[in-house]
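Notes to accompany the following structure.
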Amino acid sequence: MASPERGPGSRRRGRRRRPPQRPGAAGLAARGLAALAARFAPLVRRLRPAYPRPGRTGWRRWLPSWRQWLAGWALTVGLTGSLLVIAYAATDIPENLNTYATQQDNVFFWSDGTPMARTGWVRRQAMPLKDIPEHVRWAVLAAENESFYSDPGISLKGLTRALVRTVGDGDTQGGSTITQQYVKNVYLTQNQTVSRKFTEAMIALKLDNKMSKDKILEGYLNTSWFGRGTYGIQRAAQAYYGKDVSRLNASEAAFLASLLKGAGLYDPTLSKANHQRTVERWSWILDRMVKTGKLSPSERATYTKFPEPLKQSRTYDTGKQSDYLVEVATQYAKKAAHISDKQFDLGGYQIYTTFDRKRETALTDAVTKARKKAKEKDPAKAKTAHYGAASVATDGRVLAVYGGPDHRTQGYNESNATTVPAGSAFLPFVYAAALEHGVHKTRDSAATPVTPESVYDGDDGVPVTTPEGPYWDRSGKKVAAHNDGDKSYGRITLRKALAESVNTPFMQLGMDTGLAQVRQTAEAAGLLSSSLGPQVPALSLGSSTPSAIRMASSYATFAAGGTHIEPYSVRRLTRNGSRVALDASGTRRAVGAKVAREVTEALTDSFRTGHAGAAPASAQVAGKSGTTGDDKAAWYVGTNRSVSTAVVLYRMDLSKSLEPLPLQGIDDASGAADVPYGIWSGAMTPLG
């Protein structure tokens, strides 16, 4: 029976039905996990070990089923893969190379371009890959990693072999690609551990993805050890064949490549066994190059004789005098190129010096001869004798220096030391100042010109005067000038006084010219202001303490017509082949050309007066000895054409003090300041 219809006014009470609720995210996840668990429950029950296994007898009851073996293997592979992915993501390529990998040696060259010395703990010089011939590169790849350009940076086979060796006897060597070796060279230590090997592989993978193969190969060739204290293919080429890598042929390259397996085992000069081992590997590498298509069979056929390398040499080792040369050049290079000590010590610099090998040898031989004679004459005094010398060209080039007997026992450089006074060798600067600026006989008067023929009192003990009267020192005594041996010369021209080294006219001449002008002229000619003495009358007689280099440079100013060029010892500087800018050596007008000529003429008279017949009449030789009133220094400074040389001799017992001792005749073999002149003439021969 149908239900009666309810009218609009009818009412029916009852519970209102709620719409169904959708499960939340957590509920859905729970349901999903439950469904997944239910689905795989039978499989899990099957894989769950049941030991002993039912239905089996004997030892077979304890063996897992094939399903369990498969599950275990899959789990192991999955976990290992996950760990490798995590390790790869967590491993970063170090931002900084290890210091040892970037350190290189600095190489110094003579003025003729031949090697002179090297400094630094590591013999390494980086070379761009473009400057390394292709046959050299392929020789290395044939020896170490012929699949380099196609592999991912690591070798799974090699890594497995290395790990097996580690487990077996702790040897982790072997199995490394060139990328891995490069990582070890520049980012890691050389420790042979499994952890280091693993880190090496991870970094190698990342590096292979981020760096080009050419860049990796370039880095490897510049950081690998080749024996004989060398790192990098360029330095190895020089050490074993005495030439740049660009000049190597394929045969020589194959030998160098063999050294990468262990220089101690493959340097053929070390033993017969090494030689035999090296020849075999050299031949094998050449054959591998043919196999990989990088060397033609016809060219291979020409390499039948092993390319014997040079014997071990000390070409780049610093010796006795070269240590002093290196010191002078290093100081100049740092200053002129604005290089910090830290930058320079990282190395890679090629320093092309101005040092002339022949002149250096002549100067060193002359000093060595003088030392030997002094030792024979008076061994006790000879022990405390010091010799400093330098040759400088009129264009500023420092050609030679003598810094001491051995830098290993005497670290400071005699040629650059400001230790003892110049004495009468300073007189030319007083003479030049007077000729250039004139003299003032009265206070604030106009300057009166001075010529070489101007006459002064040359008697011994003449009081020094000022426009106001005698000059008094701080103790209240009149200051008087004295000549060597207290000798008097009467009235004498300035030119003759300089030629005969008469002191008294020049002490007064300095006062008349003005000590400030004397000081300014000496500094303009090349002496350092820090070495100039106090502005008192003794300044004119050489109280200043210049170095041999600066005295030679200053006399060169007169020979150069009055133009001074600051002395320099480095003509060119490069770093890994790229030029490094050097500040230009300063040039200035010190005195006029006429004054320079007049000073040179007086010095020529001085040379011929003291050493008549030592040079032809046409020779352009000028020079002067220098002595001090207290007998504590002897000099000879002079020029021969465009080269100026200064020699200083003094005595000092360094074990007791830095105070100079009286020479007591050690400077005088047969005449005044004879020993310094003997060294000078030996270094400057032939005179003409």
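Naming scheme: A, B, ... for chains in displayed order of the structure tokens; residues 1 onward per chain; ligands 1 onward as shown.
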
Output as a Markdown table one row per residue of region 380-452 of chain A within 10 Å of region 525-531 of chain A: the closest atom pair and its distance in Å to one decimal place, counting only C-alpha atoms, sorted by chain and residue number ascending.
```
| residue | atom | partner | partner_atom | distance |
| --- | --- | --- | --- | --- |
| A:Ala417 | CA | A:Ser531 | CA | 9.9 |
| A:Thr418 | CA | A:Ser531 | CA | 6.6 |
| A:Thr419 | CA | A:Ser531 | CA | 9.1 |
| A:Val420 | CA | A:Ser531 | CA | 9.9 |
| A:Pro421 | CA | A:Ser531 | CA | 9.2 |
| A:Phe429 | CA | A:Ala525 | CA | 8.0 |
| A:Ala432 | CA | A:Ala525 | CA | 9.7 |
```

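Backbone DSSP of region 327-416 of chain A yields strand (DSSP E or B) at Tyr349, Gln350, Ile351, Tyr352, Thr353, Ala385, His386, Tyr387, Gly388, Ala389, Ala390, Ser391, Val392, Ala393, Arg397, Val398, Leu399, Ala400, Val401 and Tyr402 of chain A.
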
Output the selection as a short mmCIF file (atom, residue, chain, number, x, y, z; two decimals), in the first residue's frame - all heavy atoms for each residue.
```
data_model
loop_
_atom_site.label_atom_id
_atom_site.label_comp_id
_atom_site.auth_asym_id
_atom_site.auth_seq_id
_atom_site.Cartn_x
_atom_site.Cartn_y
_atom_site.Cartn_z
N TYR A 349 109.14 31.19 -11.35
CA TYR A 349 109.72 32.36 -12.01
C TYR A 349 111.00 31.99 -12.75
O TYR A 349 111.78 31.16 -12.30
CB TYR A 349 110.03 33.46 -10.99
CG TYR A 349 108.81 34.09 -10.39
CD1 TYR A 349 108.31 33.67 -9.17
CD2 TYR A 349 108.13 35.11 -11.05
CE1 TYR A 349 107.17 34.24 -8.60
CE2 TYR A 349 106.99 35.69 -10.51
CZ TYR A 349 106.52 35.25 -9.28
OH TYR A 349 105.40 35.82 -8.74
N GLN A 350 111.18 32.63 -13.90
CA GLN A 350 112.44 32.53 -14.63
C GLN A 350 113.07 33.92 -14.58
O GLN A 350 112.51 34.87 -15.12
CB GLN A 350 112.20 32.08 -16.08
CG GLN A 350 111.60 30.69 -16.20
CD GLN A 350 110.09 30.66 -15.98
OE1 GLN A 350 109.36 31.44 -16.59
NE2 GLN A 350 109.62 29.80 -15.11
N ILE A 351 114.22 34.00 -13.93
CA ILE A 351 114.87 35.29 -13.70
C ILE A 351 116.08 35.39 -14.61
O ILE A 351 117.09 34.67 -14.42
CB ILE A 351 115.29 35.44 -12.22
CG1 ILE A 351 114.06 35.30 -11.30
CG2 ILE A 351 115.95 36.78 -11.99
CD1 ILE A 351 113.85 33.92 -10.74
N TYR A 352 115.99 36.25 -15.59
CA TYR A 352 117.08 36.44 -16.55
C TYR A 352 117.93 37.62 -16.06
O TYR A 352 117.52 38.78 -16.15
CB TYR A 352 116.53 36.70 -17.95
CG TYR A 352 115.74 35.52 -18.48
CD1 TYR A 352 114.37 35.39 -18.21
CD2 TYR A 352 116.36 34.53 -19.22
CE1 TYR A 352 113.65 34.30 -18.67
CE2 TYR A 352 115.64 33.44 -19.69
CZ TYR A 352 114.29 33.33 -19.41
OH TYR A 352 113.59 32.24 -19.86
N THR A 353 119.09 37.31 -15.52
CA THR A 353 119.91 38.32 -14.86
C THR A 353 120.82 39.03 -15.85
O THR A 353 120.95 38.66 -17.02
CB THR A 353 120.77 37.68 -13.76
OG1 THR A 353 121.85 36.94 -14.35
CG2 THR A 353 119.94 36.76 -12.88
N ALA A 385 139.98 38.91 7.15
CA ALA A 385 139.92 39.78 5.98
C ALA A 385 138.62 39.58 5.22
O ALA A 385 138.14 38.46 5.06
CB ALA A 385 141.10 39.51 5.06
N HIS A 386 138.04 40.68 4.76
CA HIS A 386 136.80 40.65 4.00
C HIS A 386 136.98 41.40 2.69
O HIS A 386 137.55 42.50 2.67
CB HIS A 386 135.66 41.28 4.80
CG HIS A 386 135.29 40.49 6.02
ND1 HIS A 386 134.28 39.56 6.03
CD2 HIS A 386 135.83 40.49 7.27
CE1 HIS A 386 134.19 39.02 7.23
NE2 HIS A 386 135.11 39.56 8.00
N TYR A 387 136.47 40.81 1.61
CA TYR A 387 136.61 41.38 0.28
C TYR A 387 135.21 41.54 -0.33
O TYR A 387 134.44 40.58 -0.38
CB TYR A 387 137.44 40.47 -0.63
CG TYR A 387 138.82 40.15 -0.13
CD1 TYR A 387 139.02 39.22 0.90
CD2 TYR A 387 139.94 40.77 -0.69
CE1 TYR A 387 140.29 38.92 1.35
CE2 TYR A 387 141.23 40.46 -0.24
CZ TYR A 387 141.39 39.54 0.78
OH TYR A 387 142.66 39.24 1.24
N GLY A 388 134.93 42.74 -0.80
CA GLY A 388 133.69 42.98 -1.51
C GLY A 388 134.00 43.62 -2.85
O GLY A 388 134.92 44.44 -2.94
N ALA A 389 133.28 43.24 -3.90
CA ALA A 389 133.57 43.81 -5.21
C ALA A 389 132.33 43.72 -6.10
O ALA A 389 131.47 42.86 -5.91
CB ALA A 389 134.74 43.07 -5.87
N ALA A 390 132.28 44.63 -7.08
CA ALA A 390 131.16 44.64 -8.02
C ALA A 390 131.57 45.35 -9.30
O ALA A 390 132.37 46.30 -9.26
CB ALA A 390 129.94 45.32 -7.42
N SER A 391 131.04 44.87 -10.42
CA SER A 391 131.23 45.52 -11.72
C SER A 391 129.88 45.95 -12.26
O SER A 391 128.94 45.13 -12.30
CB SER A 391 131.91 44.57 -12.72
OG SER A 391 133.22 44.25 -12.31
N VAL A 392 129.76 47.21 -12.66
CA VAL A 392 128.50 47.77 -13.15
C VAL A 392 128.76 48.49 -14.46
O VAL A 392 129.72 49.26 -14.58
CB VAL A 392 127.89 48.74 -12.12
CG1 VAL A 392 126.58 49.31 -12.64
CG2 VAL A 392 127.66 48.04 -10.79
N ALA A 393 127.92 48.27 -15.45
CA ALA A 393 128.05 48.94 -16.74
C ALA A 393 127.45 50.34 -16.66
O ALA A 393 126.64 50.65 -15.78
CB ALA A 393 127.34 48.13 -17.83
N ARG A 397 123.57 47.96 -15.81
CA ARG A 397 123.60 46.51 -15.62
C ARG A 397 124.68 46.11 -14.60
O ARG A 397 125.84 46.52 -14.74
CB ARG A 397 123.88 45.79 -16.94
CG ARG A 397 122.75 45.82 -17.94
CD ARG A 397 123.20 45.22 -19.28
NE ARG A 397 124.25 46.01 -19.90
CZ ARG A 397 125.39 45.49 -20.37
NH1 ARG A 397 125.62 44.19 -20.28
NH2 ARG A 397 126.30 46.29 -20.94
N VAL A 398 124.29 45.33 -13.62
CA VAL A 398 125.26 44.77 -12.68
C VAL A 398 125.84 43.53 -13.35
O VAL A 398 125.14 42.54 -13.57
CB VAL A 398 124.61 44.40 -11.34
CG1 VAL A 398 125.64 43.83 -10.39
CG2 VAL A 398 123.93 45.62 -10.72
N LEU A 399 127.12 43.57 -13.68
CA LEU A 399 127.74 42.51 -14.47
C LEU A 399 128.35 41.40 -13.62
O LEU A 399 128.41 40.24 -14.05
CB LEU A 399 128.81 43.11 -15.39
CG LEU A 399 128.33 44.20 -16.35
CD1 LEU A 399 129.51 44.76 -17.14
CD2 LEU A 399 127.28 43.65 -17.30
N ALA A 400 128.84 41.77 -12.45
CA ALA A 400 129.48 40.77 -11.59
C ALA A 400 129.53 41.29 -10.16
O ALA A 400 129.59 42.51 -9.94
CB ALA A 400 130.90 40.46 -12.09
N VAL A 401 129.49 40.38 -9.22
CA VAL A 401 129.67 40.75 -7.81
C VAL A 401 130.49 39.66 -7.12
O VAL A 401 130.46 38.49 -7.52
CB VAL A 401 128.33 40.93 -7.05
CG1 VAL A 401 127.48 42.01 -7.67
CG2 VAL A 401 127.57 39.62 -6.96
N TYR A 402 131.24 40.07 -6.12
CA TYR A 402 131.89 39.11 -5.22
C TYR A 402 131.33 39.40 -3.84
O TYR A 402 131.57 40.46 -3.27
CB TYR A 402 133.41 39.24 -5.23
CG TYR A 402 134.06 38.19 -4.35
CD1 TYR A 402 134.36 36.93 -4.85
CD2 TYR A 402 134.31 38.44 -3.00
CE1 TYR A 402 134.91 35.94 -4.05
CE2 TYR A 402 134.86 37.47 -2.19
CZ TYR A 402 135.16 36.22 -2.71
OH TYR A 402 135.69 35.24 -1.91
#
```

(request) Enumerate as a VMD selection string all residues of region 378-584 of chain A assigned to alpha helix (DSSP H) by DSSP on the backbone, naming them with the chain letters and numbers the document uses. (result) chain A and resid 379 to 383 427 to 437 494 to 499 504 to 513 515 to 525 548 to 559

(request) Write out as a PyMOL selection string which residues come within 10 Å of Gly264 (chain A) when counting only C-alpha atoms, dropping same-chain ones fewer than 3 positions away. (result) chain A and resi 226-228+259-261+267-268+270-271+274

(message) To one decimal place in Å, what is the distance between CA of Ala634 (chain A) and CA of Val648 (chain A)?
(response) 5.7 Å

(message) Report as a list in words all protein, DNA and RNA residues lying within 8 Å of Val570 (chain A), evaluated on only C-alpha atoms, omitting residues in the same chain fewer than 2 positions from it.
(response) Ala329, Tyr332, Ala333, Ile351, Tyr352, Thr353, Thr354, Tyr568, Arg572 and Leu573 of chain A

(request) Compile the contact shell of Leu532 (chain A) as a PyMOL selection string: residues with an atom at most 8 Å away, counting only C-alpha atoms, same-chain residues fewer than 6 positions apart removed. (result) chain A and resi 519+539+543-546

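Nearest to Ala236 (chain A) of all the residues A:Gly423, A:Gly293, A:Pro505, A:Pro309 is A:Pro309, counting only C-alpha atoms.
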
(message) Quick check, in Å to one decimal: how far apart do CA of Asn503 (chain A) and CA of His564 (chain A) lie?
(response) 25.9 Å
